[in-house]
Amino acid sequence: MATTHTAIAPMKAAQIPRAGGDFEIVEREIPQPGAGQVRIKVQACGVCHSDVFTKEGAWPGIQYPRVPGHEVAGIIDALGTGVSEWKQGQRVGVGWHGGQDGTCLSCRRGDFRNCRNLKIPGISYDGGYQQYMVAPVEALAAIPESLGAIEAAPLLCAGITTYNALRHSGAFPGDIVAVQGIGGLGHLGIQFANKFGYKVAAIGRGSENAALAKKLGASVYIDSKATNAAQELQKLGGAQVILATAPSSKAMSELIDGLGPNGKLIVIGATSDPIEVSPVQLITGSRTIQGWAAGTPADSEDTLRFAELSGVRPMIETYPLEKAAEAYARMMSGNAQFRVVLTM
């Protein structure tokens with residue numbers, strides 16, 4: 001009598017079957033790395049608000065099914081041909097910057113962050129909501145040994161975004177730097193700003209955030225629900241930088257008058273609504289508004305090393321991979337304290 005053998009796929013993944021579809025926990029064969037790639041045994045993957053691009057099909061050209069995830073921490077499990085600078089067993093992370101073409105004008109000028117054909121894990125190729133993933137070597141960042149995978153994962157997107165924006169902001173130690181929003185981005189922004197030596201003004205809605213803001217390193221807490229935050233910043237002398245982390249264009253617009261001379265509003269909280277500002281508001285005091293995206297893997301390594309040395313750490317809620325849908329819903333609710341991370 002003939003016996004039928006059924007192959008059992010050796011790994012689990014949380015995939016989106018189509019734009020707007022629900023998460024599916026599926027079994028897949030472990031992928032093999034190609035030339036210039038490595039396979040990563042994923043230990044942890046952060047659940048970021050930008051995963052909505054994959055979930056809802058809001059990024060042009062996404063092919064489905066697709067596994068989300070661009071805050072990946074794990075261990076190199078296998079090397080593709082031609083890979084010599086990385087080793088099996090090495091701890092690595094993959095963030096928003098998942099590779100570049102190396103040939104566009106931005107890349108030729110060394111501005112890989114603004115590559116015209118930037119690859120993004122979880123959008124351009126399958127990301128970290130799975131037990132194993134494949135990534136090109138140009139996407140890899142080394143993780144310091146003293147940082148655990150769970151705490152390193154959010155630093156590869158939320159961490160690098162706040163760290164990189166602040167260190168390129170032009171603010172000097174002692175300057176007044178305001179952080180709008182005390183959430184997934186903001187709670188890291190406050191910590192980094194404090195460690196950079198700024199006088200940190202945290203801006204939140206409601207008095208209940210004051211104690212946490214001070215604990216994270218804020219010198220001043222401004223309750224925008226009870227006071228005019230821009231006026232409060234002017235009482236302090238005006239902010240050299242306002243790091244806008246909460247995705248509310250209305251809240252950002254209300255803070256522009258809180259900038260001091262040559263002050264800069266740096267926008268990292270993504271929203272599609274317009275920021276309202278008059279030319280006079282910008283001309284007076286020579287103020288500017290700048291958007292900022294994450295950074296390259298080298299920037300990720302800088303972020304991780306600085307966090308390791310300074311003690312900056314994300315506040316985290318963890319979920320097993322099998323509960324990816326629940327973890328995503330928790331993140332989207334805005335009630336998470338403060339980053340959600342999947343564990344494998």
# chains A, B, ... in the order shown; residues from 1 in each chain; ligands from 1

$ residues_around --residues "Asn335 of chain A" --least-positions-apart "6" --cutoff "12 Å" --atoms "only C-alpha atoms" --output "list in words"
Ile182, Gly183, Gly184, Ile316, Glu317, Ala327, Tyr328 and Ala329 of chain A

$ select_by_dssp --residues "segment 162-336 of chain A" --states "strand (DSSP E)" --output "PyMOL selection string"
chain A and resi 176-180+199-204+220-223+239-244+259-267+288-291+316-320

$ write_last_selection --atoms "N, CA, C and O atoms" --output "short mmCIF file (atom, residue, chain, number, x, y, z; two decimals), in the first residue's frame"
data_model
loop_
_atom_site.label_atom_id
_atom_site.label_comp_id
_atom_site.auth_asym_id
_atom_site.auth_seq_id
_atom_site.Cartn_x
_atom_site.Cartn_y
_atom_site.Cartn_z
N ILE A 176 17.14 74.86 24.64
CA ILE A 176 15.80 74.36 24.94
C ILE A 176 15.31 73.53 23.76
O ILE A 176 15.19 74.02 22.64
N VAL A 177 15.05 72.27 24.02
CA VAL A 177 14.53 71.35 23.01
C VAL A 177 13.22 70.78 23.54
O VAL A 177 13.17 70.22 24.63
N ALA A 178 12.16 70.96 22.78
CA ALA A 178 10.85 70.45 23.18
C ALA A 178 10.54 69.16 22.43
O ALA A 178 10.88 69.02 21.25
N VAL A 179 9.93 68.22 23.12
CA VAL A 179 9.49 66.97 22.50
C VAL A 179 7.97 66.92 22.63
O VAL A 179 7.43 66.88 23.74
N GLN A 180 7.29 66.98 21.49
CA GLN A 180 5.82 66.95 21.46
C GLN A 180 5.37 65.50 21.37
O GLN A 180 5.71 64.79 20.43
N LYS A 199 18.10 71.21 27.55
CA LYS A 199 17.05 71.46 28.53
C LYS A 199 15.75 71.01 27.87
O LYS A 199 15.29 71.63 26.91
N VAL A 200 15.17 69.93 28.36
CA VAL A 200 14.08 69.27 27.66
C VAL A 200 12.72 69.70 28.20
O VAL A 200 12.46 69.60 29.40
N ALA A 201 11.89 70.18 27.29
CA ALA A 201 10.50 70.49 27.62
C ALA A 201 9.62 69.45 26.95
O ALA A 201 9.57 69.37 25.73
N ALA A 202 8.98 68.61 27.74
CA ALA A 202 8.07 67.59 27.20
C ALA A 202 6.67 68.17 27.10
O ALA A 202 6.20 68.82 28.04
N ILE A 203 6.01 67.94 25.97
CA ILE A 203 4.67 68.47 25.75
C ILE A 203 3.70 67.31 25.55
O ILE A 203 3.86 66.50 24.65
N GLY A 204 2.73 67.23 26.43
CA GLY A 204 1.72 66.18 26.34
C GLY A 204 0.34 66.74 26.62
O GLY A 204 0.19 67.91 26.96
N VAL A 220 11.06 70.20 32.13
CA VAL A 220 9.78 70.91 32.21
C VAL A 220 8.71 70.06 31.54
O VAL A 220 8.97 69.43 30.51
N TYR A 221 7.52 70.04 32.13
CA TYR A 221 6.39 69.40 31.47
C TYR A 221 5.34 70.45 31.17
O TYR A 221 4.95 71.24 32.03
N ILE A 222 4.87 70.45 29.91
CA ILE A 222 3.84 71.41 29.48
C ILE A 222 2.59 70.62 29.09
O ILE A 222 2.64 69.78 28.19
N ASP A 223 1.51 70.90 29.78
CA ASP A 223 0.23 70.26 29.49
C ASP A 223 -0.50 71.11 28.46
O ASP A 223 -1.06 72.16 28.78
N ALA A 239 11.95 77.66 21.94
CA ALA A 239 12.65 76.39 21.69
C ALA A 239 13.57 76.50 20.48
O ALA A 239 13.19 77.04 19.45
N GLN A 240 14.78 75.98 20.64
CA GLN A 240 15.68 75.90 19.49
C GLN A 240 15.20 74.82 18.53
O GLN A 240 15.29 74.96 17.31
N VAL A 241 14.65 73.75 19.11
CA VAL A 241 14.12 72.64 18.33
C VAL A 241 12.84 72.14 18.99
O VAL A 241 12.78 72.04 20.22
N ILE A 242 11.84 71.85 18.18
CA ILE A 242 10.66 71.12 18.64
C ILE A 242 10.62 69.83 17.83
O ILE A 242 10.51 69.86 16.60
N LEU A 243 10.74 68.71 18.51
CA LEU A 243 10.66 67.40 17.86
C LEU A 243 9.21 66.95 17.93
O LEU A 243 8.70 66.60 19.00
N ALA A 244 8.53 66.95 16.79
CA ALA A 244 7.10 66.64 16.74
C ALA A 244 6.93 65.15 16.47
O ALA A 244 7.13 64.67 15.35
N LEU A 259 8.70 78.41 18.78
CA LEU A 259 10.10 78.37 18.36
C LEU A 259 10.80 79.69 18.65
O LEU A 259 10.22 80.78 18.47
N GLY A 260 12.05 79.61 19.08
CA GLY A 260 12.86 80.79 19.27
C GLY A 260 13.51 81.22 17.96
O GLY A 260 13.25 80.63 16.90
N PRO A 261 14.37 82.23 17.99
CA PRO A 261 15.08 82.67 16.79
C PRO A 261 15.87 81.52 16.16
O PRO A 261 16.56 80.78 16.86
N ASN A 262 15.73 81.38 14.84
CA ASN A 262 16.37 80.29 14.10
C ASN A 262 15.92 78.91 14.58
O ASN A 262 16.61 77.92 14.36
N GLY A 263 14.75 78.86 15.22
CA GLY A 263 14.24 77.60 15.72
C GLY A 263 13.73 76.71 14.60
O GLY A 263 13.37 77.17 13.52
N LYS A 264 13.69 75.41 14.90
CA LYS A 264 13.33 74.43 13.88
C LYS A 264 12.31 73.45 14.43
O LYS A 264 12.49 72.87 15.50
N LEU A 265 11.22 73.26 13.68
CA LEU A 265 10.25 72.22 13.97
C LEU A 265 10.63 71.00 13.13
O LEU A 265 10.62 71.06 11.90
N ILE A 266 11.00 69.90 13.79
CA ILE A 266 11.38 68.68 13.08
C ILE A 266 10.23 67.69 13.19
O ILE A 266 9.84 67.29 14.29
N VAL A 267 9.70 67.30 12.06
CA VAL A 267 8.51 66.45 12.00
C VAL A 267 8.91 65.00 11.76
O VAL A 267 9.52 64.67 10.74
N THR A 288 12.18 77.42 10.72
CA THR A 288 12.11 76.43 9.65
C THR A 288 11.32 75.20 10.11
O THR A 288 11.18 74.94 11.30
N ILE A 289 10.80 74.47 9.12
CA ILE A 289 10.14 73.18 9.35
C ILE A 289 10.87 72.14 8.52
O ILE A 289 11.11 72.35 7.33
N GLN A 290 11.22 71.04 9.14
CA GLN A 290 11.94 69.98 8.43
C GLN A 290 11.36 68.62 8.77
O GLN A 290 11.02 68.34 9.92
N GLY A 291 11.22 67.78 7.75
CA GLY A 291 10.83 66.40 7.98
C GLY A 291 12.07 65.54 8.13
O GLY A 291 13.14 65.88 7.61
N ILE A 316 8.48 48.70 26.77
CA ILE A 316 8.03 47.68 25.81
C ILE A 316 6.91 46.82 26.36
O ILE A 316 6.89 46.49 27.55
N GLU A 317 5.99 46.43 25.46
CA GLU A 317 5.03 45.37 25.71
C GLU A 317 5.33 44.26 24.70
O GLU A 317 5.52 44.55 23.51
N THR A 318 5.40 43.02 25.13
CA THR A 318 5.73 41.92 24.23
C THR A 318 4.54 41.02 23.96
O THR A 318 3.67 40.84 24.81
N TYR A 319 4.53 40.46 22.75
CA TYR A 319 3.51 39.49 22.33
C TYR A 319 4.22 38.38 21.56
O TYR A 319 5.20 38.66 20.83
N PRO A 320 3.75 37.15 21.65
CA PRO A 320 4.32 36.09 20.80
C PRO A 320 3.91 36.29 19.35
O PRO A 320 2.89 36.93 19.06
#

$ closest_atom_pairs --of "segment 267-332 of chain A" --to "segment 10-32 of chain A" --cutoff "10 Å" --atoms "only C-alpha atoms" --output "Markdown table"
| residue | atom | partner | partner_atom | distance |
| --- | --- | --- | --- | --- |
| A:Leu321 | CA | A:Ala14 | CA | 7.1 |
| A:Glu322 | CA | A:Ile25 | CA | 6.5 |
| A:Lys323 | CA | A:Ile25 | CA | 8.7 |
| A:Ala324 | CA | A:Ala14 | CA | 6.6 |
| A:Ala325 | CA | A:Phe23 | CA | 5.7 |
| A:Glu326 | CA | A:Phe23 | CA | 9.5 |
| A:Tyr328 | CA | A:Phe23 | CA | 9.3 |

$ residues_around --residues "Leu79 of chain A" --least-positions-apart "4" --cutoff "12 Å" --atoms "only C-alpha atoms" --output "PyMOL selection string"
chain A and resi 31-41+75+83-90+133-137

$ closest_residue --among "A:Phe112, A:Trp96, A:Phe306, A:Phe196" --to "Pro144 of chain A" --atoms "only C-alpha atoms"
A:Phe306

$ atom_distance --atom1 "atom CA of Ser146 of chain A" --atom2 "atom CA of Gly99 of chain A"
26.1 Å

$ select_by_dssp --residues "segment 33-242 of chain A" --states "helix (DSSP H, G or I)" --output "VMD selection string"
chain A and resid 49 to 56 105 to 108 112 to 114 137 to 139 149 to 156 158 to 167 186 to 195 207 to 216 229 to 235

$ write_last_selection --atoms "C-alpha atoms" --output "tab-separated table (two decimals), in the first residue's frame"
chain	number	residue	atom	x	y	z
A	49	HIS	CA	2.86	52.38	13.13
A	50	SER	CA	4.46	52.41	9.66
A	51	ASP	CA	3.45	48.74	9.33
A	52	VAL	CA	0.08	50.20	8.37
A	53	PHE	CA	1.55	50.74	4.89
A	54	THR	CA	1.76	46.96	4.48
A	55	LYS	CA	-1.43	46.13	6.32
A	56	GLU	CA	-3.58	48.53	4.30
A	105	LEU	CA	22.01	60.39	-7.88
A	106	SER	CA	21.38	60.39	-4.11
A	107	CYS	CA	23.38	57.18	-3.66
A	108	ARG	CA	26.21	58.47	-5.87
A	112	PHE	CA	21.70	56.52	0.85
A	113	ARG	CA	18.85	57.56	3.16
A	114	ASN	CA	17.18	59.29	0.21
A	137	VAL	CA	24.04	42.88	3.59
A	138	GLU	CA	23.65	46.64	3.06
A	139	ALA	CA	20.63	46.55	5.42
A	149	ALA	CA	17.10	41.61	21.16
A	150	ILE	CA	13.77	42.78	22.58
A	151	GLU	CA	15.12	46.17	23.67
A	152	ALA	CA	17.23	46.60	20.53
A	153	ALA	CA	14.35	46.04	18.08
A	154	PRO	CA	12.45	49.34	18.67
A	155	LEU	CA	15.73	51.27	18.58
A	156	LEU	CA	16.09	50.27	14.91
A	158	ALA	CA	11.73	54.63	16.70
A	159	GLY	CA	15.17	54.93	18.29
A	160	ILE	CA	17.18	55.83	15.21
A	161	THR	CA	14.51	58.29	14.05
A	162	THR	CA	14.54	60.32	17.27
A	163	TYR	CA	18.31	60.00	17.83
A	164	ASN	CA	19.24	60.91	14.26
A	165	ALA	CA	16.79	63.81	14.03
A	166	LEU	CA	18.10	65.32	17.26
A	167	ARG	CA	21.78	64.91	16.51
A	186	GLY	CA	8.35	60.70	22.23
A	187	HIS	CA	9.42	58.63	25.24
A	188	LEU	CA	12.67	57.83	23.42
A	189	GLY	CA	13.07	61.40	22.15
A	190	ILE	CA	12.92	62.75	25.71
A	191	GLN	CA	15.60	60.31	26.84
A	192	PHE	CA	17.95	61.06	23.93
A	193	ALA	CA	17.45	64.82	24.29
A	194	ASN	CA	18.29	64.61	27.98
A	195	LYS	CA	21.45	62.59	27.31
A	207	SER	CA	-1.38	66.22	33.71
A	208	GLU	CA	-1.11	62.44	34.08
A	209	ASN	CA	1.98	62.41	31.82
A	210	ALA	CA	4.01	64.82	33.95
A	211	ALA	CA	5.61	62.30	36.32
A	212	LEU	CA	6.69	59.98	33.52
A	213	ALA	CA	8.09	62.86	31.45
A	214	LYS	CA	10.23	63.99	34.38
A	215	LYS	CA	11.37	60.40	35.01
A	216	LEU	CA	12.43	60.09	31.36
A	229	ALA	CA	2.13	75.32	24.82
A	230	ALA	CA	3.68	77.82	22.41
A	231	GLN	CA	3.36	80.62	24.98
A	232	GLU	CA	4.87	78.39	27.66
A	233	LEU	CA	7.85	77.69	25.42
A	234	GLN	CA	8.31	81.41	24.82
A	235	LYS	CA	8.36	81.97	28.59

$ residues_around --residues "Leu140 of chain A" --least-positions-apart "4" --cutoff "9 Å" --atoms "only C-alpha atoms" --output "list in words"
Val92, Gly93, Val94, Gly95, Gly98, Gly99, Ala135, Pro136, Pro297 and Ala298 of chain A

$ write_last_selection --atoms "all heavy atoms" --output "compact mmCIF listing (two decimals), in the first residue's frame"
# COMPACT_ATOMS: atom_id res chain seq x y z
N VAL A 92 22.60 40.82 14.67
CA VAL A 92 22.35 41.91 13.73
C VAL A 92 20.91 42.40 13.84
O VAL A 92 20.04 41.69 14.34
CB VAL A 92 22.63 41.48 12.26
CG1 VAL A 92 24.10 41.19 12.05
CG2 VAL A 92 21.76 40.30 11.87
N GLY A 93 20.71 43.59 13.33
CA GLY A 93 19.38 44.16 13.24
C GLY A 93 19.14 44.71 11.85
O GLY A 93 20.08 45.00 11.10
N VAL A 94 17.87 44.84 11.50
CA VAL A 94 17.46 45.45 10.24
C VAL A 94 16.36 46.45 10.55
O VAL A 94 15.37 46.12 11.20
CB VAL A 94 16.94 44.40 9.23
CG1 VAL A 94 16.50 45.08 7.94
CG2 VAL A 94 17.99 43.35 8.95
N GLY A 95 16.55 47.69 10.10
CA GLY A 95 15.57 48.74 10.36
C GLY A 95 14.84 49.14 9.09
O GLY A 95 14.76 48.38 8.12
N GLY A 98 16.26 49.21 4.27
CA GLY A 98 16.50 47.81 3.96
C GLY A 98 17.34 47.58 2.73
O GLY A 98 17.38 46.46 2.21
N GLY A 99 18.04 48.60 2.27
CA GLY A 99 18.90 48.47 1.10
C GLY A 99 18.70 49.61 0.13
O GLY A 99 17.66 50.28 0.14
N ALA A 135 17.82 39.14 4.23
CA ALA A 135 18.05 40.57 4.03
C ALA A 135 19.37 40.79 3.31
O ALA A 135 20.32 40.01 3.49
CB ALA A 135 18.07 41.30 5.37
N PRO A 136 19.46 41.84 2.49
CA PRO A 136 20.74 42.16 1.84
C PRO A 136 21.74 42.70 2.87
O PRO A 136 21.34 43.29 3.88
CB PRO A 136 20.35 43.24 0.82
CG PRO A 136 19.11 43.86 1.38
CD PRO A 136 18.39 42.77 2.11
N PRO A 297 21.89 51.93 8.08
CA PRO A 297 22.35 50.97 9.09
C PRO A 297 23.52 51.50 9.93
O PRO A 297 23.63 51.15 11.11
CB PRO A 297 22.75 49.76 8.25
CG PRO A 297 21.83 49.81 7.07
CD PRO A 297 21.72 51.28 6.75
N ALA A 298 24.39 52.32 9.33
CA ALA A 298 25.47 52.92 10.12
C ALA A 298 24.89 53.83 11.20
O ALA A 298 25.38 53.87 12.34
CB ALA A 298 26.41 53.71 9.22

$ closest_residue --among "A:Gly127, A:Gly110, A:Pro247, A:Gly82" --to "His70 of chain A" --atoms "only C-alpha atoms"
A:Gly127

$ closest_residue --among "A:Ile123, A:Leu236, A:Leu309, A:Leu118" --to "Pro65 of chain A" --atoms "only C-alpha atoms"
A:Ile123

$ atom_distance --atom1 "atom CA of Pro274 of chain A" --atom2 "atom CA of Arg330 of chain A"
26.5 Å

$ decode --residues "segment 24-150 of chain A" --atoms "C-alpha atoms" --output "PDB file, in the first residue's frame"
ATOM      1  CA  GLU A  24      -2.633  35.051   8.833  1.00  0.00           C
ATOM      2  CA  ILE A  25      -0.315  32.778  10.792  1.00  0.00           C
ATOM      3  CA  VAL A  26       1.087  30.443   8.156  1.00  0.00           C
ATOM      4  CA  GLU A  27       3.790  27.834   7.805  1.00  0.00           C
ATOM      5  CA  ARG A  28       6.521  28.440   5.257  1.00  0.00           C
ATOM      6  CA  GLU A  29       9.744  26.816   4.190  1.00  0.00           C
ATOM      7  CA  ILE A  30      12.783  28.506   5.689  1.00  0.00           C
ATOM      8  CA  PRO A  31      14.086  30.884   2.974  1.00  0.00           C
ATOM      9  CA  GLN A  32      17.550  30.547   1.459  1.00  0.00           C
ATOM     10  CA  PRO A  33      19.795  33.621   1.153  1.00  0.00           C
ATOM     11  CA  GLY A  34      20.925  34.630  -2.324  1.00  0.00           C
ATOM     12  CA  ALA A  35      24.143  36.324  -3.356  1.00  0.00           C
ATOM     13  CA  GLY A  36      24.935  39.291  -1.123  1.00  0.00           C
ATOM     14  CA  GLN A  37      22.277  38.284   1.386  1.00  0.00           C
ATOM     15  CA  VAL A  38      22.127  36.689   4.823  1.00  0.00           C
ATOM     16  CA  ARG A  39      19.441  34.692   6.567  1.00  0.00           C
ATOM     17  CA  ILE A  40      18.510  35.950  10.022  1.00  0.00           C
ATOM     18  CA  LYS A  41      17.005  33.844  12.771  1.00  0.00           C
ATOM     19  CA  VAL A  42      14.625  36.463  14.112  1.00  0.00           C
ATOM     20  CA  GLN A  43      14.502  36.824  17.899  1.00  0.00           C
ATOM     21  CA  ALA A  44      12.335  39.941  18.143  1.00  0.00           C
ATOM     22  CA  CYS A  45      10.535  42.345  15.810  1.00  0.00           C
ATOM     23  CA  GLY A  46       8.985  45.647  16.759  1.00  0.00           C
ATOM     24  CA  VAL A  47       5.455  46.515  15.669  1.00  0.00           C
ATOM     25  CA  CYS A  48       5.625  50.029  14.227  1.00  0.00           C
ATOM     26  CA  HIS A  49       2.860  52.380  13.129  1.00  0.00           C
ATOM     27  CA  SER A  50       4.455  52.409   9.662  1.00  0.00           C
ATOM     28  CA  ASP A  51       3.448  48.741   9.328  1.00  0.00           C
ATOM     29  CA  VAL A  52       0.075  50.203   8.372  1.00  0.00           C
ATOM     30  CA  PHE A  53       1.547  50.737   4.886  1.00  0.00           C
ATOM     31  CA  THR A  54       1.762  46.964   4.482  1.00  0.00           C
ATOM     32  CA  LYS A  55      -1.430  46.134   6.322  1.00  0.00           C
ATOM     33  CA  GLU A  56      -3.576  48.527   4.299  1.00  0.00           C
ATOM     34  CA  GLY A  57      -1.678  48.534   1.000  1.00  0.00           C
ATOM     35  CA  ALA A  58      -0.869  52.222   1.301  1.00  0.00           C
ATOM     36  CA  TRP A  59       2.604  51.969  -0.258  1.00  0.00           C
ATOM     37  CA  PRO A  60       2.722  51.759  -4.073  1.00  0.00           C
ATOM     38  CA  GLY A  61       3.882  48.485  -5.553  1.00  0.00           C
ATOM     39  CA  ILE A  62       3.554  46.140  -2.554  1.00  0.00           C
ATOM     40  CA  GLN A  63       3.249  42.525  -3.638  1.00  0.00           C
ATOM     41  CA  TYR A  64       1.146  40.137  -1.556  1.00  0.00           C
ATOM     42  CA  PRO A  65       1.181  38.042   0.465  1.00  0.00           C
ATOM     43  CA  ARG A  66       3.679  40.119   2.455  1.00  0.00           C
ATOM     44  CA  VAL A  67       5.218  39.682   5.896  1.00  0.00           C
ATOM     45  CA  PRO A  68       5.510  43.080   7.678  1.00  0.00           C
ATOM     46  CA  GLY A  69       8.227  44.165  10.078  1.00  0.00           C
ATOM     47  CA  HIS A  70      11.174  46.595   9.938  1.00  0.00           C
ATOM     48  CA  GLU A  71      12.401  46.557  13.555  1.00  0.00           C
ATOM     49  CA  VAL A  72      14.192  43.222  13.375  1.00  0.00           C
ATOM     50  CA  ALA A  73      16.731  41.844  15.843  1.00  0.00           C
ATOM     51  CA  GLY A  74      18.270  38.403  15.534  1.00  0.00           C
ATOM     52  CA  ILE A  75      21.270  36.251  14.675  1.00  0.00           C
ATOM     53  CA  ILE A  76      22.805  35.517  11.277  1.00  0.00           C
ATOM     54  CA  ASP A  77      21.867  31.938  10.517  1.00  0.00           C
ATOM     55  CA  ALA A  78      23.270  31.496   6.997  1.00  0.00           C
ATOM     56  CA  LEU A  79      25.388  33.431   4.501  1.00  0.00           C
ATOM     57  CA  GLY A  80      24.714  33.859   0.800  1.00  0.00           C
ATOM     58  CA  THR A  81      27.505  33.655  -1.763  1.00  0.00           C
ATOM     59  CA  GLY A  82      29.936  36.552  -1.766  1.00  0.00           C
ATOM     60  CA  VAL A  83      29.270  37.556   1.854  1.00  0.00           C
ATOM     61  CA  SER A  84      32.531  37.861   3.762  1.00  0.00           C
ATOM     62  CA  GLU A  85      32.158  40.816   6.127  1.00  0.00           C
ATOM     63  CA  TRP A  86      29.474  39.169   8.275  1.00  0.00           C
ATOM     64  CA  LYS A  87      29.647  35.875  10.154  1.00  0.00           C
ATOM     65  CA  GLN A  88      27.262  33.125  11.174  1.00  0.00           C
ATOM     66  CA  GLY A  89      26.143  33.622  14.759  1.00  0.00           C
ATOM     67  CA  GLN A  90      26.657  37.406  14.625  1.00  0.00           C
ATOM     68  CA  ARG A  91      23.941  39.522  16.215  1.00  0.00           C
ATOM     69  CA  VAL A  92      22.355  41.908  13.730  1.00  0.00           C
ATOM     70  CA  GLY A  93      19.375  44.156  13.245  1.00  0.00           C
ATOM     71  CA  VAL A  94      17.458  45.448  10.236  1.00  0.00           C
ATOM     72  CA  GLY A  95      15.573  48.738  10.356  1.00  0.00           C
ATOM     73  CA  TRP A  96      13.520  50.871   7.956  1.00  0.00           C
ATOM     74  CA  HIS A  97      16.482  51.228   5.581  1.00  0.00           C
ATOM     75  CA  GLY A  98      16.498  47.809   3.959  1.00  0.00           C
ATOM     76  CA  GLY A  99      18.899  48.466   1.099  1.00  0.00           C
ATOM     77  CA  GLN A 100      19.645  50.945  -1.675  1.00  0.00           C
ATOM     78  CA  ASP A 101      20.308  50.733  -5.417  1.00  0.00           C
ATOM     79  CA  GLY A 102      23.756  52.367  -5.200  1.00  0.00           C
ATOM     80  CA  THR A 103      23.330  53.975  -8.633  1.00  0.00           C
ATOM     81  CA  CYS A 104      20.795  56.820  -8.296  1.00  0.00           C
ATOM     82  CA  LEU A 105      22.013  60.394  -7.875  1.00  0.00           C
ATOM     83  CA  SER A 106      21.384  60.394  -4.113  1.00  0.00           C
ATOM     84  CA  CYS A 107      23.384  57.178  -3.659  1.00  0.00           C
ATOM     85  CA  ARG A 108      26.211  58.474  -5.869  1.00  0.00           C
ATOM     86  CA  ARG A 109      26.423  61.438  -3.522  1.00  0.00           C
ATOM     87  CA  GLY A 110      26.459  59.160  -0.476  1.00  0.00           C
ATOM     88  CA  ASP A 111      22.935  60.110   0.575  1.00  0.00           C
ATOM     89  CA  PHE A 112      21.705  56.516   0.852  1.00  0.00           C
ATOM     90  CA  ARG A 113      18.847  57.558   3.161  1.00  0.00           C
ATOM     91  CA  ASN A 114      17.178  59.288   0.214  1.00  0.00           C
ATOM     92  CA  CYS A 115      17.796  56.582  -2.383  1.00  0.00           C
ATOM     93  CA  ARG A 116      15.202  56.820  -5.158  1.00  0.00           C
ATOM     94  CA  ASN A 117      14.736  53.049  -5.026  1.00  0.00           C
ATOM     95  CA  LEU A 118      15.043  52.493  -1.294  1.00  0.00           C
ATOM     96  CA  LYS A 119      14.183  48.978  -0.136  1.00  0.00           C
ATOM     97  CA  ILE A 120      12.073  48.674   3.007  1.00  0.00           C
ATOM     98  CA  PRO A 121      11.738  45.415   4.952  1.00  0.00           C
ATOM     99  CA  GLY A 122       8.115  44.351   5.175  1.00  0.00           C
ATOM    100  CA  ILE A 123       7.283  46.393   2.075  1.00  0.00           C
ATOM    101  CA  SER A 124       9.906  45.685  -0.603  1.00  0.00           C
ATOM    102  CA  TYR A 125      10.523  42.173   0.729  1.00  0.00           C
ATOM    103  CA  ASP A 126       9.302  40.052   3.631  1.00  0.00           C
ATOM    104  CA  GLY A 127      10.146  41.541   7.017  1.00  0.00           C
ATOM    105  CA  GLY A 128      10.522  40.347  10.571  1.00  0.00           C
ATOM    106  CA  TYR A 129       7.090  39.013  11.530  1.00  0.00           C
ATOM    107  CA  GLN A 130       8.518  35.544  10.955  1.00  0.00           C
ATOM    108  CA  GLN A 131      11.009  33.164  12.496  1.00  0.00           C
ATOM    109  CA  TYR A 132      13.567  33.515   9.697  1.00  0.00           C
ATOM    110  CA  MET A 133      14.057  36.278   7.138  1.00  0.00           C
ATOM    111  CA  VAL A 134      16.471  37.117   4.345  1.00  0.00           C
ATOM    112  CA  ALA A 135      18.047  40.569   4.031  1.00  0.00           C
ATOM    113  CA  PRO A 136      20.743  42.165   1.842  1.00  0.00           C
ATOM    114  CA  VAL A 137      24.038  42.883   3.592  1.00  0.00           C
ATOM    115  CA  GLU A 138      23.652  46.642   3.063  1.00  0.00           C
ATOM    116  CA  ALA A 139      20.634  46.552   5.416  1.00  0.00           C
ATOM    117  CA  LEU A 140      22.485  45.026   8.378  1.00  0.00           C
ATOM    118  CA  ALA A 141      23.442  46.763  11.618  1.00  0.00           C
ATOM    119  CA  ALA A 142      25.555  45.084  14.295  1.00  0.00           C
ATOM    120  CA  ILE A 143      23.878  44.864  17.719  1.00  0.00           C
ATOM    121  CA  PRO A 144      26.070  45.380  20.828  1.00  0.00           C
ATOM    122  CA  GLU A 145      26.309  42.316  23.046  1.00  0.00           C
ATOM    123  CA  SER A 146      24.922  44.086  26.118  1.00  0.00           C
ATOM    124  CA  LEU A 147      21.639  45.010  24.403  1.00  0.00           C
ATOM    125  CA  GLY A 148      18.972  42.314  24.387  1.00  0.00           C
ATOM    126  CA  ALA A 149      17.098  41.612  21.158  1.00  0.00           C
ATOM    127  CA  ILE A 150      13.767  42.783  22.578  1.00  0.00           C
TER     128      ILE A 150
END
